[in-house]
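Data first, discussion second: the structure below is written as structure tokens.
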Amino acid sequence: MASITASVYTSHVPAIGAALDLGKSNEPYWRAVFQGYDFSKQWLKEHKPDVIFLVFNDHATAFSLDMIPTFAIGTAAEFQPADEGWGPRPVPKVIGHPALAAHIAQSVIQQDFDLTIVNKMDVDHGLTVPLSLMCGQPQAWPCPVIPFAVNVVQYPVPSGARCFALGQAIRRALESYDEPLKVQIWGTGGMSHQLQGPRAGLINSAWDNAFLDRLIADPKGLSTVSHIEYVREAGSEGIELVMWLIARGAMGDVAGGPPPRVVHRFFHVPASNTAVGHLILDNAA
Amino acid sequence: MALDKPYLDVPGTTIFDADQSRKGYWLNQFCMSLMKAENRARFKANERAYLDEWAMSEEQKQAVMARDLNRCIELGGNIYFLSKIGATDGKSFQQMAGSMTGMTEEEYRAMMMSGGRTIEGNRYVGEDGDAQAHRQPQGAAGKTKGA
């Protein structure tokens with residue numbers, strides 16, 4: 001059976017990708033962000049998974065208002081970095097894992113999560129910035145990636161509780177896969193930020209750090225936090241954080257195993273308009 | 001019975017819900033069209049003519065031409081769609097977000113460098129935080145207001 005070895009959580013601010021692509025990563029402003037990932041890059045090299053299941057959101061890139069799937073799993077063999085209006089990021093194409101993705105789709109739908117299956121999709125900064133943060137600038141990404149897109153653009157987005165339960169269903173899906181693959185699940189987006197209106201630029205570090213504490217120690221309780229609390233406390237775009245609960249729900253302790261180990265934790269303000277949060281949790285063997 | 005919208009009392013914030021999305025459908029789809037280079041070129045060459053190809057309201061067209069993002073959002077726009085206009089103009093997300101506060105680019109950047117906008121006074125309409133309606137525009141523009 002396939003198994004989840006670890007979960008990774010990180011913000012996916014587009015300006016981080018731009019800073020890297022334009023060679024600004026050693027400027028003091030950006031160094032302060034990237035140094036939080038120095039450990040993580042080394043850790044990923046030493047704990048390379050067979051597949052990354054990457055939860056992210058599309059930012060009006062692959063999905064316009066033509067179609068707004070709440071949960072969409074990418075089952076293609078490969079995914080191209082999208083042109084979001086500034087030209088595509090100069091990063092490797094993303095190689096998928098169609099067999100595992102199809103298996104997860106079938107299993108999770110049979111567990112009553114009505115996923116949308118996507119066989120063609122360009123992937124935007126929501127997916128490529130986390131890969132850049134964790135892998136740097138390689139010629140190819142270290143392993144296949146299954147993109148999993150969540151609607152957090154048009155309200156209502158899925159609830160924290162729904163996301164947390166979905167993570168548990170994904171874990172069960174992996175456990176019923178024949179091949180013994182090591183899978184990491186990544187939850188991305190957040191932390192506090194607001195990109196619109198007179199309240200643009202909102203940052204709530206105290207709330208963000210309490211979110212990290214609870215994500216580690218009390219994910220079930222955290223999953224009951226309402227949409228309005230995210231919006232009010234973490235900004236209109238801070239609601240992306242519900243996606244972290246999908247990754248957290250897939251961890252072993254939620255299914256009765258021992259608590260995960262906190263391998264790394266980082267928090268920094270600002271990256272452009274956003275608070276950057278990052279966490280690595282290891283499933284105790 | 002109307003749907004519950006518990007987010008209407010958050011100051012300086014418009015939640016992009018199904019009603020806003022319906023209102024802004026063509027505005028947002030126009031924005032999506034700017035992801036193609038040839039459309040960006042046509043838009044830049046004659047904004048009015050390009051906008052007239054879309055079933056947008058006159059108010060929406062005026063708001064786009066004025067680059068008034070707050071007004072665009074009021075009329076159903078969403079920032080991730082509107083960002084395609086910014087990209088066409090060569091603007092970053094920070095420049096676009098800042099433009100909605102009344103602050104200059106430098107003022108907004110300085111606010112972010114010093115930890116961002118505080119939550120205090122900015123949770124509910126009727127408090128006294130800097131995002132409240134009675135404190136707009138922000139920055140130097142607000143200080144000279146009415147002077």
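Numbering starts fresh at 1 for the residues of each chain in the structure tokens, the chains themselves are lettered A, B, ... in the order given, and ligands are numbered from 1 as they appear.
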DSSP strand (DSSP E) selection over segment 166-271 of chain A, as a PDB file with C-alpha atoms, in the first residue's frame:
```pdb
ATOM      1  CA  LYS A 182       5.866   7.078  -0.263  1.00  0.00           C
ATOM      2  CA  VAL A 183       3.599  10.092  -0.614  1.00  0.00           C
ATOM      3  CA  GLN A 184       3.886  13.564   0.860  1.00  0.00           C
ATOM      4  CA  ILE A 185       0.811  15.732   1.068  1.00  0.00           C
ATOM      5  CA  TRP A 186       1.251  19.489   0.876  1.00  0.00           C
ATOM      6  CA  GLY A 187      -1.263  22.108   1.914  1.00  0.00           C
ATOM      7  CA  THR A 188      -0.631  25.594   0.542  1.00  0.00           C
ATOM      8  CA  ARG A 261       6.734  15.230  14.778  1.00  0.00           C
ATOM      9  CA  VAL A 262       7.249  18.943  14.111  1.00  0.00           C
ATOM     10  CA  VAL A 263      10.278  18.906  11.834  1.00  0.00           C
ATOM     11  CA  HIS A 264      10.303  22.605  10.964  1.00  0.00           C
ATOM     12  CA  ARG A 265       8.301  25.758  11.638  1.00  0.00           C
ATOM     13  CA  PHE A 266       8.744  29.229  10.145  1.00  0.00           C
ATOM     14  CA  PHE A 267       6.776  32.463  10.124  1.00  0.00           C
ATOM     15  CA  HIS A 268       7.668  35.783   8.518  1.00  0.00           C
ATOM     16  CA  VAL A 269       6.014  39.090   7.602  1.00  0.00           C
ATOM     17  CA  PRO A 270       5.876  40.292   4.868  1.00  0.00           C
ATOM     18  CA  ALA A 271       6.158  38.784   1.429  1.00  0.00           C
TER      19      ALA A 271
END
```
To test your reading of the structure, identify every residue in segment 11-69 of chain A that backbone DSSP assigns to alpha helix (DSSP H), and report it as a ChimeraX atom specification. /A:14-21,28-34,38-46
Residues at most 9 Å from segment 224-227 of chain A, counting only C-alpha atoms, excluding those fewer than 6 positions away in the same chain, as a PDB file with C-alpha atoms, in the first residue's frame?
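So the final result, stored in out-v2.pdb, reads:
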```pdb
ATOM      1  CA  PRO A 156     -18.731  29.743  -0.308  1.00  0.00           C
ATOM      2  CA  VAL A 157     -15.502  27.776  -0.251  1.00  0.00           C
ATOM      3  CA  PRO A 158     -15.560  24.319   1.363  1.00  0.00           C
ATOM      4  CA  SER A 159     -15.616  24.374   5.162  1.00  0.00           C
ATOM      5  CA  GLY A 160     -12.627  23.510   7.306  1.00  0.00           C
ATOM      6  CA  ALA A 161     -14.462  20.443   8.563  1.00  0.00           C
ATOM      7  CA  ILE A 239      -9.441  31.827   3.843  1.00  0.00           C
ATOM      8  CA  VAL A 242      -8.717  25.832   4.878  1.00  0.00           C
TER       9      VAL A 242
ATOM     10  CA  TYR B   7     -19.529  38.807   6.160  1.00  0.00           C
TER      11      TYR B   7
END
```
Which polymer residues have any atom within 7 Å of an atom of Ser192 of chain A, counting only C-alpha atoms, with same-chain residues fewer than 5 positions away left out, as a ChimeraX atom specification? /A:203-204,208,234-235,238,274-275
May I have the selected residues written with C-alpha atoms, as a PDB file, in the first residue's frame?
```
ATOM      1  CA  ILE A 203      -1.852  40.925   8.685  1.00  0.00           C
ATOM      2  CA  ASN A 204      -2.772  39.140  11.902  1.00  0.00           C
ATOM      3  CA  ASP A 208      -1.649  33.024  12.289  1.00  0.00           C
ATOM      4  CA  ALA A 234      -7.041  36.631   8.583  1.00  0.00           C
ATOM      5  CA  GLY A 235      -8.367  38.733   5.695  1.00  0.00           C
ATOM      6  CA  GLY A 238      -6.616  34.309   4.353  1.00  0.00           C
ATOM      7  CA  THR A 274       1.125  38.381   2.851  1.00  0.00           C
ATOM      8  CA  ALA A 275       2.252  36.651   6.033  1.00  0.00           C
TER       9      ALA A 275
END
```
Counting only C-alpha atoms, which residues from chain A have an atom at most 8 Å from any atom of chain B, and could you show them as a count of residues only? 33
